[in-house]
file entry-v5.txt (compact mmCIF, C-alpha atoms)
# COMPACT_ATOMS: atom_id res chain seq x y z
CA MET U 1 1.01 12.35 113.65
CA TYR U 2 -0.93 14.26 111.04
CA ALA U 3 0.26 12.02 108.19
CA ILE U 4 -2.13 9.33 109.36
CA ASP U 5 -5.11 11.47 108.31
CA ASP U 6 -4.69 10.74 104.61
CA ALA U 7 -4.12 7.07 105.24
CA LEU U 8 -7.33 6.87 107.25
CA GLU U 9 -9.34 8.18 104.33
CA THR U 10 -8.70 5.01 102.35
CA PRO U 11 -11.52 2.48 102.50
CA LEU U 12 -10.81 -0.17 105.08
CA GLY U 13 -12.17 -3.66 105.27
CA ASP U 14 -13.23 -3.46 108.89
CA PRO U 15 -15.71 -0.62 109.43
CA SER U 16 -14.75 -0.35 113.09
CA ALA U 17 -11.04 0.06 112.29
CA LEU U 18 -11.35 3.77 111.59
CA PRO U 19 -13.17 4.84 114.76
CA ARG U 20 -11.00 2.52 116.83
CA THR U 21 -7.83 4.05 115.40
CA LEU U 22 -9.14 7.56 115.94
CA LEU U 23 -10.03 6.74 119.53
CA GLY U 24 -6.54 5.39 120.07
CA ARG U 25 -4.91 8.47 118.60
CA ALA U 26 -7.18 10.70 120.65
CA GLU U 27 -6.02 8.84 123.76
CA VAL U 28 -2.39 9.50 122.81
CA ALA U 29 -3.15 13.18 122.23
CA ARG U 30 -4.99 13.31 125.55
CA ARG U 31 -1.93 12.11 127.40
CA LEU U 32 0.13 14.72 125.53
CA ASN U 33 -2.33 17.48 126.55
CA GLN U 34 -3.14 18.24 122.90
CA TRP U 35 -6.81 18.93 123.41
CA GLU U 36 -7.54 20.36 119.94
CA LEU U 37 -6.35 17.11 118.43
CA VAL U 38 -8.42 15.09 120.91
CA ASN U 39 -11.52 17.05 119.98
CA ARG U 40 -10.88 16.76 116.26
CA ASP U 41 -10.20 13.04 116.33
CA LEU U 42 -13.23 12.28 118.45
CA GLU U 43 -15.43 14.36 116.15
CA ALA U 44 -14.15 12.28 113.24
CA ALA U 45 -14.69 9.10 115.26
CA GLU U 46 -18.26 10.09 116.00
CA ALA U 47 -18.88 10.84 112.32
CA SER U 48 -17.53 7.42 111.38
CA LEU U 49 -19.80 5.66 113.89
CA ASP U 50 -22.58 5.78 111.27
CA ARG U 51 -20.81 3.14 109.24
CA LEU U 52 -20.97 0.65 112.08
CA PRO U 53 -23.84 -1.70 112.80
CA ARG U 54 -26.42 -0.15 115.07
CA VAL U 55 -25.48 -2.24 118.09
CA ALA U 56 -21.90 -0.92 117.93
CA GLN U 57 -22.82 2.73 117.57
CA THR U 58 -22.85 3.60 121.25
CA ASN U 59 -19.62 4.54 122.92
CA PRO U 60 -20.03 6.60 126.09
CA PHE U 61 -16.27 6.80 126.55
CA LEU U 62 -16.02 8.76 123.29
CA TYR U 63 -18.44 11.40 124.57
CA GLN U 64 -16.86 11.45 128.02
CA ARG U 65 -13.42 12.09 126.54
CA ARG U 66 -14.72 14.70 124.13
CA ALA U 67 -16.56 16.49 126.92
CA GLU U 68 -13.27 16.59 128.81
CA ALA U 69 -11.44 18.01 125.78
CA ARG U 70 -14.12 20.59 125.07
CA MET U 71 -14.09 21.74 128.68
CA ARG U 72 -10.34 22.29 128.40
CA LEU U 73 -10.90 24.21 125.15
CA GLY U 74 -13.68 26.33 126.60
CA GLN U 75 -16.35 24.96 124.22
CA TRP U 76 -18.89 24.71 126.98
CA SER U 77 -22.12 24.13 125.05
CA GLY U 78 -20.55 21.24 123.14
CA ALA U 79 -19.19 19.88 126.38
CA VAL U 80 -22.69 20.00 127.90
CA ASP U 81 -24.09 17.95 125.02
CA ASP U 82 -21.30 15.40 125.24
CA ALA U 83 -21.42 15.02 129.01
CA LEU U 84 -25.19 14.54 128.95
CA GLU U 85 -24.87 12.02 126.11
CA ALA U 86 -22.18 10.12 128.03
CA GLU U 87 -24.35 10.12 131.13
CA ALA U 88 -27.32 8.73 129.22
CA GLU U 89 -25.23 6.02 127.55
CA PHE U 90 -23.49 4.98 130.76
CA ASN U 91 -26.92 4.76 132.33
CA LEU U 92 -28.08 2.57 129.47
CA ILE U 93 -25.22 0.08 129.88
CA GLY U 94 -25.67 0.04 133.66
CA ASP U 95 -22.40 1.67 134.66
CA LYS U 96 -23.65 3.64 137.63
CA ILE U 97 -20.29 4.97 138.74
CA ARG U 98 -19.28 6.40 135.41
CA ARG U 99 -22.79 7.71 134.92
CA THR U 100 -22.41 9.77 138.07
CA LEU U 101 -18.94 10.91 137.01
CA ALA U 102 -20.40 12.04 133.68
CA ALA U 103 -23.12 13.91 135.58
CA ALA U 104 -20.38 15.70 137.53
CA ASP U 105 -18.77 16.65 134.22
CA ALA U 106 -22.13 17.89 132.98
CA ALA U 107 -22.56 20.06 136.09
CA LEU U 108 -19.24 21.81 135.47
CA ALA U 109 -19.94 22.18 131.74
CA LEU U 110 -23.39 23.64 132.40
CA TYR U 111 -21.79 26.11 134.77
CA GLY U 112 -19.28 27.09 132.13
CA ASP U 113 -22.09 27.49 129.63
CA GLY U 114 -23.85 29.94 131.92
CA GLN U 115 -26.78 27.66 132.77
CA PHE U 116 -26.31 28.12 136.51
CA GLU U 117 -29.62 26.74 137.73
CA GLU U 118 -29.31 23.61 135.63
CA ALA U 119 -25.73 23.24 136.86
CA SER U 120 -26.74 23.40 140.51
CA GLU U 121 -29.54 20.94 139.86
CA LYS U 122 -26.98 18.59 138.29
CA MET U 123 -24.74 18.98 141.33
CA VAL U 124 -27.65 18.06 143.58
CA GLN U 125 -28.28 15.04 141.35
CA VAL U 126 -24.67 13.92 141.89
CA PHE U 127 -25.01 14.36 145.65
CA ARG U 128 -28.16 12.25 145.56
CA GLN U 129 -26.72 9.54 143.31
CA LYS U 130 -23.27 9.18 144.81
CA GLY U 131 -24.39 6.73 147.47
CA GLN U 132 -26.30 4.57 145.00
CA PRO U 133 -23.58 3.24 142.68
CA THR U 134 -22.41 0.52 145.02
CA SER U 135 -21.60 -1.87 142.20
CA ASN U 136 -21.01 -2.18 138.51
CA SER U 137 -22.58 -5.61 138.47
CA PRO U 138 -24.10 -6.70 135.16
CA ASP U 139 -27.18 -7.65 137.15
CA ASP U 140 -27.82 -3.94 137.53
CA ILE U 141 -28.09 -3.37 133.80
CA PRO U 142 -31.43 -1.72 133.16
CA LEU U 143 -33.90 -3.00 130.68
CA LEU U 144 -31.88 -3.05 127.50
CA GLN U 145 -34.90 -3.89 125.38
CA VAL U 146 -36.24 -0.37 125.91
CA THR U 147 -34.46 1.23 122.98
CA GLU U 148 -37.11 2.77 120.76
CA MET X 1 -6.10 -57.75 149.47
CA ILE X 2 -9.28 -58.38 151.40
CA PHE X 3 -10.21 -54.76 150.91
CA PHE X 4 -9.90 -54.96 147.16
CA LYS X 5 -11.71 -58.30 147.11
CA PHE X 6 -14.87 -56.79 148.56
CA MET X 7 -14.54 -53.49 146.76
CA HIS X 8 -17.35 -52.55 144.43
CA GLY X 9 -17.29 -50.10 141.52
CA THR X 10 -19.18 -47.52 143.53
CA HIS X 11 -16.54 -47.67 146.27
CA ALA X 12 -13.90 -46.81 143.71
CA GLN X 13 -15.97 -43.88 142.53
CA MET X 14 -16.36 -42.70 146.11
CA LEU X 15 -12.61 -42.89 146.58
CA ILE X 16 -12.10 -40.82 143.44
CA VAL X 17 -14.61 -38.27 144.67
CA CYS X 18 -12.86 -38.10 148.06
CA TRP X 19 -9.61 -37.29 146.26
CA GLU X 20 -10.91 -35.00 143.52
CA VAL X 21 -13.24 -32.73 145.49
CA PRO X 22 -10.62 -31.43 147.91
CA MET X 23 -8.22 -30.97 145.02
CA ASP X 24 -10.82 -28.91 143.19
CA MET X 25 -11.51 -26.90 146.31
CA ARG X 26 -7.82 -26.22 146.74
CA ARG X 27 -7.61 -25.06 143.15
CA ALA X 28 -10.67 -22.86 143.59
CA ILE X 29 -9.22 -21.31 146.75
CA TYR X 30 -5.89 -20.76 145.03
CA PHE X 31 -7.47 -18.96 142.07
CA TRP X 32 -9.82 -16.99 144.28
CA ARG X 33 -6.96 -15.73 146.41
CA ARG X 34 -4.91 -14.89 143.40
CA PHE X 35 -7.56 -13.15 141.32
CA ARG X 36 -10.07 -11.67 143.68
CA PHE X 37 -8.25 -8.34 143.96
CA THR X 38 -6.52 -8.21 140.63
CA VAL X 39 -9.53 -9.06 138.50
CA TYR X 40 -12.58 -7.71 140.22
CA PHE X 41 -11.94 -5.36 143.09
CA PHE X 42 -8.76 -3.74 141.93
CA PRO X 43 -10.02 -2.02 138.76
CA LEU X 44 -13.10 -0.76 140.57
CA ILE X 45 -11.28 1.03 143.38
CA PRO X 46 -9.75 3.87 141.32
CA ILE X 47 -13.04 4.98 139.79
CA VAL X 48 -14.81 4.76 143.14
CA GLN X 49 -12.02 6.92 144.56
CA GLU X 50 -12.43 9.31 141.67
CA LEU X 51 -16.15 9.48 142.31
CA SER X 52 -15.48 10.25 145.95
CA ARG X 53 -13.06 13.04 145.07
CA ARG X 54 -15.28 14.52 142.38
CA ASP X 55 -18.27 14.51 144.69
CA ALA X 56 -16.29 16.21 147.47
CA GLU X 57 -15.03 18.87 145.07
CA LEU X 58 -18.55 19.41 143.75
CA HIS X 59 -19.64 20.17 147.32
CA LEU X 60 -17.00 22.91 147.37
CA ALA X 61 -18.16 24.19 143.98
CA PHE X 62 -21.76 24.07 145.14
CA ALA X 63 -20.85 26.06 148.26
CA ALA X 64 -19.10 28.74 146.21
CA ASP X 65 -22.04 28.83 143.79
CA GLN X 66 -24.58 29.17 146.57
CA TRP X 67 -22.64 32.07 148.03
CA TRP X 68 -22.08 33.76 144.68
CA ARG X 69 -25.66 33.64 143.45
CA LEU X 70 -27.81 33.22 146.55
CA HIS X 71 -25.62 35.02 149.12
CA ASP X 72 -26.66 32.38 151.66
CA GLN X 73 -23.63 32.24 153.89
CA ALA X 74 -24.91 29.58 156.31
CA ARG X 75 -25.79 27.24 153.48
CA ALA X 76 -22.52 27.86 151.70
CA ALA X 77 -20.48 27.28 154.85
CA LEU X 78 -22.36 24.04 155.49
CA GLN X 79 -21.61 22.74 152.00
CA TRP X 80 -18.00 23.87 152.21
CA GLU X 81 -17.54 22.02 155.50
CA SER X 82 -18.99 18.85 154.00
CA GLY X 83 -16.70 19.13 150.98
CA CYS X 84 -13.68 19.54 153.27
CA ILE X 85 -14.72 16.51 155.33
CA ARG X 86 -15.19 14.41 152.21
CA LEU X 87 -11.82 15.47 150.78
CA GLU X 88 -10.12 14.69 154.08
CA ALA X 89 -11.77 11.25 154.16
CA TYR X 90 -10.69 10.66 150.57
CA THR X 91 -7.07 11.54 151.37
CA GLU X 92 -7.04 9.38 154.48
CA ASP X 93 -8.53 6.48 152.56
CA ALA X 94 -5.88 6.76 149.83
CA ALA X 95 -3.13 6.73 152.43
CA SER X 96 -4.51 3.74 154.32
CA ARG X 97 -4.97 1.95 151.02
CA ALA X 98 -1.27 2.54 150.35
CA LEU X 99 -0.42 0.70 153.54
CA ALA X 100 -2.79 -2.12 152.65
CA LEU X 101 -1.14 -2.46 149.24
CA GLU X 102 2.27 -2.54 150.87
CA PHE X 103 1.32 -5.50 153.04
CA ARG X 104 -0.81 -7.50 150.65
CA GLU X 105 1.76 -10.24 150.21
CA ASP X 106 -0.70 -12.84 151.37
CA VAL X 107 -2.85 -12.02 148.37
CA THR X 108 -0.18 -11.91 145.70
CA ILE X 109 2.07 -14.71 146.88
CA PRO X 110 0.24 -18.01 146.78
CA THR X 111 3.08 -19.84 148.53
CA SER X 112 2.93 -17.83 151.73
CA GLN X 113 0.42 -19.98 153.50
CA GLY X 114 2.28 -19.80 156.76
CA THR X 115 4.12 -23.11 156.62
CA VAL X 116 7.67 -23.33 157.87
CA ALA X 117 9.01 -24.34 154.47
CA ASP X 118 7.38 -21.37 152.78
CA SER X 119 8.67 -18.85 155.27
CA ALA X 120 12.14 -20.42 155.09
CA TYR X 121 12.04 -20.20 151.32
CA LYS X 122 10.98 -16.58 151.48
CA ALA X 123 13.74 -15.72 153.93
CA TRP X 124 16.29 -17.42 151.71
CA ARG X 125 14.90 -15.86 148.58
CA THR X 126 14.89 -12.28 149.88
CA ASN X 127 18.26 -12.50 151.56
CA PRO X 128 20.77 -10.36 149.61
CA PHE X 129 23.53 -12.81 150.45
CA THR X 130 21.75 -15.46 148.42
CA ALA X 131 21.96 -13.34 145.29
CA LYS X 132 25.62 -12.55 145.93
CA SER X 133 26.42 -16.20 146.40
CA MET X 134 24.84 -16.89 143.01
CA GLY X 135 26.86 -14.16 141.32
CA LEU X 136 23.99 -11.71 140.87
CA PRO X 137 24.36 -7.95 141.41
CA GLU X 138 22.89 -6.35 144.50
CA ASP X 139 20.22 -4.49 142.56
CA SER X 140 19.08 -7.59 140.78
CA PRO X 141 15.30 -7.95 140.68
CA TYR X 142 15.90 -11.35 142.25
CA VAL X 143 16.82 -9.46 145.42
CA THR X 144 14.94 -6.20 145.17
CA GLN X 145 11.54 -7.56 144.21
CA LYS X 146 9.22 -9.46 146.40
CA PRO X 147 8.42 -12.82 144.86
CA GLY X 148 5.07 -13.26 143.22
CA GLN X 149 4.31 -9.60 142.61
CA ALA X 150 4.65 -9.84 138.82
CA TYR X 151 6.72 -6.69 138.68
CA PHE X 152 8.97 -6.27 135.68
CA TYR X 153 11.30 -3.44 134.91
CA TYR X 154 14.14 -2.75 132.58
CA LYS X 155 16.80 -0.10 132.61
CA VAL X 156 17.43 2.45 129.89
CA GLY X 157 20.90 3.84 129.17
CA ALA X 158 23.60 4.49 131.68
CA ASP X 159 21.49 6.50 134.11
CA GLY X 160 19.81 3.34 135.31
CA ARG X 161 16.40 4.96 135.38
CA GLU X 162 13.56 2.58 136.00
CA ARG X 163 10.62 2.46 133.69
CA ARG X 164 7.74 0.36 134.75
CA ASP X 165 4.23 -0.35 133.76
CA ALA X 166 2.02 2.32 135.32
CA GLU X 167 -0.65 -0.23 136.21
CA SER X 168 1.61 -2.77 137.86
CA VAL X 169 1.13 -3.44 141.54
CA ALA X 170 4.52 -1.95 142.38
CA ALA X 171 3.85 1.24 140.44
CA VAL X 172 0.44 1.65 142.04
CA THR X 173 2.01 1.04 145.43
CA ARG X 174 4.67 3.65 144.80
CA ALA X 175 2.06 6.17 143.65
CA ALA X 176 0.03 5.45 146.75
CA GLN X 177 3.14 5.91 148.90
CA ALA X 178 3.65 9.28 147.25
CA ALA X 179 0.05 10.12 148.11
CA ALA X 180 0.68 9.06 151.69
CA ALA X 181 3.78 11.26 151.81
CA ALA X 182 1.77 14.15 150.39
CA ARG X 183 -0.73 13.62 153.18
CA ASP X 184 1.80 14.77 155.73
CA SER X 185 2.91 17.91 153.91
CA PRO X 186 0.45 20.82 154.07
CA GLU X 187 1.70 22.17 150.73
CA LEU X 188 0.76 19.02 148.82
CA ARG X 189 -2.18 17.76 150.80
CA LEU X 190 -5.47 17.91 148.93
CA SER X 191 -7.93 19.83 151.08
CA GLY X 192 -10.49 22.60 151.00
CA LEU X 193 -7.73 25.16 151.56
CA ARG X 194 -6.27 24.36 148.13
CA PHE X 195 -9.52 25.49 146.53
CA ARG X 196 -9.17 28.92 148.12
CA ASP X 197 -6.06 29.50 146.03
CA PRO X 198 -7.14 30.68 142.52
CA ALA X 199 -3.73 29.91 141.01
CA TRP X 200 -3.89 26.34 142.31
CA VAL X 201 -7.43 25.85 140.97
CA ALA X 202 -6.47 27.22 137.55
CA ARG X 203 -3.44 24.95 137.42
CA GLU X 204 -4.77 21.73 138.94
CA ARG X 205 -8.42 21.87 137.86
CA PRO X 206 -8.23 23.16 134.28
CA ALA X 207 -11.67 21.80 133.44
CA TRP X 208 -13.35 24.06 135.99
CA PRO X 209 -15.11 26.98 134.28
CA PRO X 210 -13.93 30.56 134.87
CA GLN X 211 -17.27 31.53 136.45
CA LEU X 212 -16.72 28.90 139.12
CA ARG X 213 -13.24 30.24 139.79
CA GLU X 214 -14.72 33.69 140.24
CA ALA X 215 -17.30 32.23 142.61
CA LEU X 216 -14.52 30.57 144.60
CA ILE X 217 -12.66 33.89 144.85
CA ALA X 218 -15.82 35.64 146.02
CA PHE X 219 -16.49 32.87 148.55
CA ASP X 220 -12.94 33.03 149.85
CA LYS X 221 -13.21 36.78 150.36
CA GLN X 222 -16.41 36.56 152.39
CA VAL X 223 -16.29 33.24 154.25
CA PRO X 224 -13.12 32.79 156.29
CA PRO X 225 -11.62 29.30 156.66
CA VAL X 226 -12.61 27.37 159.76
CA PRO X 227 -10.44 24.64 161.31
CA LEU X 228 -11.76 21.28 160.19
CA VAL X 229 -13.19 18.91 162.78
CA MET X 230 -13.55 15.41 161.39
CA PRO X 231 -16.64 13.51 162.56
CA PRO X 232 -16.02 10.13 164.22
CA LYS X 233 -15.73 7.15 161.88
CA GLY X 234 -18.95 5.26 161.37
CA GLY X 235 -21.00 8.21 162.55
CA PRO X 236 -23.79 9.90 160.61
CA LEU X 237 -23.07 11.86 157.44
CA SER X 238 -22.19 15.51 157.74
CA LYS X 239 -25.07 17.94 157.53
CA GLY X 240 -24.22 19.27 154.08
CA GLU X 241 -24.40 15.77 152.63
CA LEU X 242 -27.97 15.42 153.84
CA GLU X 243 -29.31 18.92 153.26
CA PHE X 244 -28.51 19.95 149.75
CA GLU X 245 -31.90 20.35 148.13
CA LEU X 246 -32.35 23.58 146.19
CA PRO X 247 -34.95 26.09 147.38
CA GLU X 248 -38.33 25.84 145.70
CA GLN X 249 -38.63 29.47 144.66
CA LYS X 250 -36.28 30.06 141.82
CA GLY X 251 -36.93 33.81 142.05
CA LEU X 252 -34.67 33.82 145.10
CA TYR X 253 -31.68 33.50 142.84
CA ARG X 254 -30.02 36.75 141.96
CA LYS X 255 -28.54 37.33 138.58
CA PRO X 256 -24.93 36.19 138.90
CA ALA X 257 -22.37 38.93 138.74
CA SER X 258 -20.26 38.95 135.63
CA VAL X 259 -16.53 38.59 135.87
CA ALA X 260 -16.06 42.28 135.08
CA GLU X 261 -18.52 43.31 137.84
CA VAL X 262 -16.76 41.14 140.39
CA ARG X 263 -13.40 42.66 139.45
CA SER X 264 -14.73 46.23 139.56
CA GLY X 265 -16.25 45.45 142.98
CA GLU X 266 -12.87 44.26 144.18
CA GLN X 267 -11.23 47.46 142.96
CA LYS X 268 -13.85 49.52 144.76
CA GLN X 269 -13.20 47.61 147.98
CA LYS X 270 -9.50 48.35 147.62

call {"tool": "encode", "arguments": {"input": "entry-v5.txt", "output": "structure tokens"}}
result
Amino acid sequence: MYAIDDALETPLGDPSALPRTLLGRAEVARRLNQWELVNRDLEAAEASLDRLPRVAQTNPFLYQRRAEARMRLGQWSGAVDDALEAEAEFNLIGDKIRRTLAAADAALALYGDGQFEEASEKMVQVFRQKGQPTSNSPDDIPLLQVTE
Amino acid sequence: MIFFKFMHGTHAQMLIVCWEVPMDMRRAIYFWRRFRFTVYFFPLIPIVQELSRRDAELHLAFAADQWWRLHDQARAALQWESGCIRLEAYTEDAASRALALEFREDVTIPTSQGTVADSAYKAWRTNPFTAKSMGLPEDSPYVTQKPGQAYFYYKVGADGRERRDAESVAAVTRAAQAAAAARDSPELRLSGLRFRDPAWVARERPAWPPQLREALIAFDKQVPPVPLVMPPKGGPLSKGELEFELPEQKGLYRKPASVAEVRSGEQKQK
């Protein structure tokens, strides 16, 4: 499994091949409960996102998975950042259900980080939002032109 | 002959339309029946279920937190009751969904439109004697599988163990059946009582932070379990789902006890 690391360092024609491969390997490691490897691969995937065109640089699933791994590893402050990032990106692409799931992750991570008041506010936010995500329809995508 | 003699081009077009439109409608109905669950609804249900479960468990976490930091027993008990109700509803929904999956032949089998020929074909097709008469073994998929469910499996080695795609309809059905079986056993059933067991929480919810586990232990010590009364279906939401806003004055919150303090307090109580 670790022998792939050197091979991935070679320049590839497709700039998205590297992050895609890392995401795939992280998914394998996730199913094997190897959370250090998940965290490491997703950190490398995030670092390689800079090579992609700007439109392809968002991947909320990356941050959601890494928040999950960091919560298992006890890296709570990193998990808070990732869960909040995933929530914001899911919100941007209009996925209300996964946005709320990411908010639930963020509540637990904030609690683990010792930010109890923020954690309980996040829980209340989930309770308030849970009735709203009735669909994942593309019609519900918010205004995508608001980027800058 | 007379008919064709007086027939105009537009009449021919009308005839074509009369033939084509119903055919198109039949095709549309066929594809709708076949794909409506598999393409759109089916992938959405698991994450909605997950949202339901996560929300219910957050109510439990919120209850433990409110007790641990605010020492508001009424509020904590209210939230705990709501979490238990939501978890119970989630479990019931999963079990009823298992039954629905079991009997969704009308969705997956386009031929079962209720005609005599179709039902006769199905009876012939699922009869084990048919397979025997054709020289197939009894455990042949031709016999054991329902037609039209797109369920493939292969066997590995001599043990004959089945390996199937985890996302196939049959695999999902079997998992849902397992969930329905777990519903009836109090040891396996997901409920608020499970969250009073620290070992279970540590094992089954590894992403939950240790502070929350301590809060759950403290809650379990102080707030005894109450038998759950499920509200009638279609009724209003439980009280804890409506009243969850945090108090305005943040000074009300006490500094949360550290893990060491909680443990020393337990030793003193002993």

call {"tool": "closest_atom_pairs", "arguments": {"input": "entry-v5.txt", "of": "chain U", "to": "chain X", "cutoff": "12 Å", "atoms": "all atoms listed in the file", "output": "CSV"}}
result
residue,atom,partner,partner_atom,distance
U:Asn33,CA,X:Pro206,CA,11.3
U:Trp35,CA,X:Ala207,CA,11.5
U:Ala67,CA,X:Ala207,CA,9.7
U:Glu68,CA,X:Ala207,CA,7.2
U:Ala69,CA,X:Ala207,CA,8.5
U:Arg70,CA,X:Ala207,CA,8.8
U:Met71,CA,X:Ala207,CA,5.3
U:Arg72,CA,X:Ala207,CA,5.2
U:Leu73,CA,X:Ala207,CA,8.7
U:Gly74,CA,X:Pro209,CA,7.8
U:Gln75,CA,X:Pro209,CA,10.3
U:Trp76,CA,X:Pro209,CA,8.5
U:Ser77,CA,X:Pro209,CA,11.9
U:Ala79,CA,X:Ala207,CA,10.5
U:Asp95,CA,X:Ile47,CA,11.2
U:Lys96,CA,X:Val48,CA,10.5
U:Ile97,CA,X:Val48,CA,7.0
U:Arg98,CA,X:Ile47,CA,7.8
U:Arg99,CA,X:Leu51,CA,10.1
U:Thr100,CA,X:Leu51,CA,7.6
U:Leu101,CA,X:Leu51,CA,6.2
U:Ala102,CA,X:Leu51,CA,10.0
U:Ala103,CA,X:Asp55,CA,10.3
U:Ala104,CA,X:Arg54,CA,7.1
U:Asp105,CA,X:Ala207,CA,8.8
U:Ala106,CA,X:Trp208,CA,11.1
U:Ala107,CA,X:Leu58,CA,8.7
U:Leu108,CA,X:Trp208,CA,6.3
U:Ala109,CA,X:Pro209,CA,7.3
U:Leu110,CA,X:Pro209,CA,9.1
U:Tyr111,CA,X:Pro209,CA,6.8
U:Gly112,CA,X:Pro209,CA,4.7
U:Asp113,CA,X:Pro209,CA,8.4
U:Gly114,CA,X:Gln211,CA,8.1
U:Gln115,CA,X:Pro256,CA,10.7
U:Phe116,CA,X:Asp65,CA,8.5
U:Glu117,CA,X:Lys250,CA,8.5
U:Glu118,CA,X:Leu246,CA,11.0
U:Ala119,CA,X:Phe62,CA,9.2
U:Ser120,CA,X:Phe62,CA,6.8
U:Glu121,CA,X:Leu246,CA,7.4
U:Lys122,CA,X:Leu58,CA,10.1
U:Met123,CA,X:Leu58,CA,6.7
U:Val124,CA,X:Phe244,CA,6.5
U:Gln125,CA,X:Glu245,CA,9.3
U:Val126,CA,X:Asp55,CA,7.0
U:Phe127,CA,X:Asp55,CA,6.8
U:Arg128,CA,X:Glu241,CA,8.7
U:Gln129,CA,X:Asp55,CA,9.9
U:Lys130,CA,X:Asp55,CA,7.3
U:Gly131,CA,X:Ser52,CA,9.7
U:Gln132,CA,X:Leu51,CA,11.6
U:Pro133,CA,X:Val48,CA,8.9
U:Thr134,CA,X:Val48,CA,8.9
U:Ser135,CA,X:Leu44,CA,8.7
U:Asn136,CA,X:Leu44,CA,8.3
U:Ser137,CA,X:Tyr40,CA,10.4

call {"tool": "atom_distance", "arguments": {"input": "entry-v5.txt", "atom1": "CA of Cys84 in chain X", "atom2": "CA of Ser191 in chain X"}}
result
6.2 Å

call {"tool": "atom_distance", "arguments": {"input": "entry-v5.txt", "atom1": "CA of Tyr63 in chain U", "atom2": "CA of Ala17 in chain U"}}
result
18.3 Å

call {"tool": "atom_distance", "arguments": {"input": "entry-v5.txt", "atom1": "CA of Gly83 in chain X", "atom2": "CA of Val80 in chain U"}}
result
23.9 Å

call {"tool": "axis_aligned_box", "arguments": {"input": "entry-v5.txt", "around": "range 86-89 of chain X", "padding_each_side": "5 Å", "output": "JSON"}}
result
{"center_x": -12.7, "center_y": 13.4, "center_z": 152.5, "size_x": 15.1, "size_y": 14.2, "size_z": 13.4}

call {"tool": "residues_around", "arguments": {"input": "entry-v5.txt", "residues": "Ala29 in chain U", "least_positions_apart": "6", "cutoff": "10 Å", "atoms": "all atoms listed in the file", "output": "PyMOL selection string"}}
result
chain U and resi 1+23+35-39+41

call {"tool": "residues_around", "arguments": {"input": "entry-v5.txt", "residues": "Leu62 in chain U", "least_positions_apart": "6", "cutoff": "8 Å", "atoms": "all atoms listed in the file", "output": "mmCIF file with C-alpha atoms, keeping the file's coordinate frame"}}
result
data_model
loop_
_atom_site.group_PDB
_atom_site.id
_atom_site.type_symbol
_atom_site.label_atom_id
_atom_site.label_comp_id
_atom_site.auth_asym_id
_atom_site.auth_seq_id
_atom_site.Cartn_x
_atom_site.Cartn_y
_atom_site.Cartn_z
ATOM 1 C CA LEU U 23 -10.030 6.740 119.530
ATOM 2 C CA LEU U 42 -13.230 12.280 118.450
ATOM 3 C CA GLU U 46 -18.260 10.090 116.000
ATOM 4 C CA ALA U 86 -22.180 10.120 128.030
#
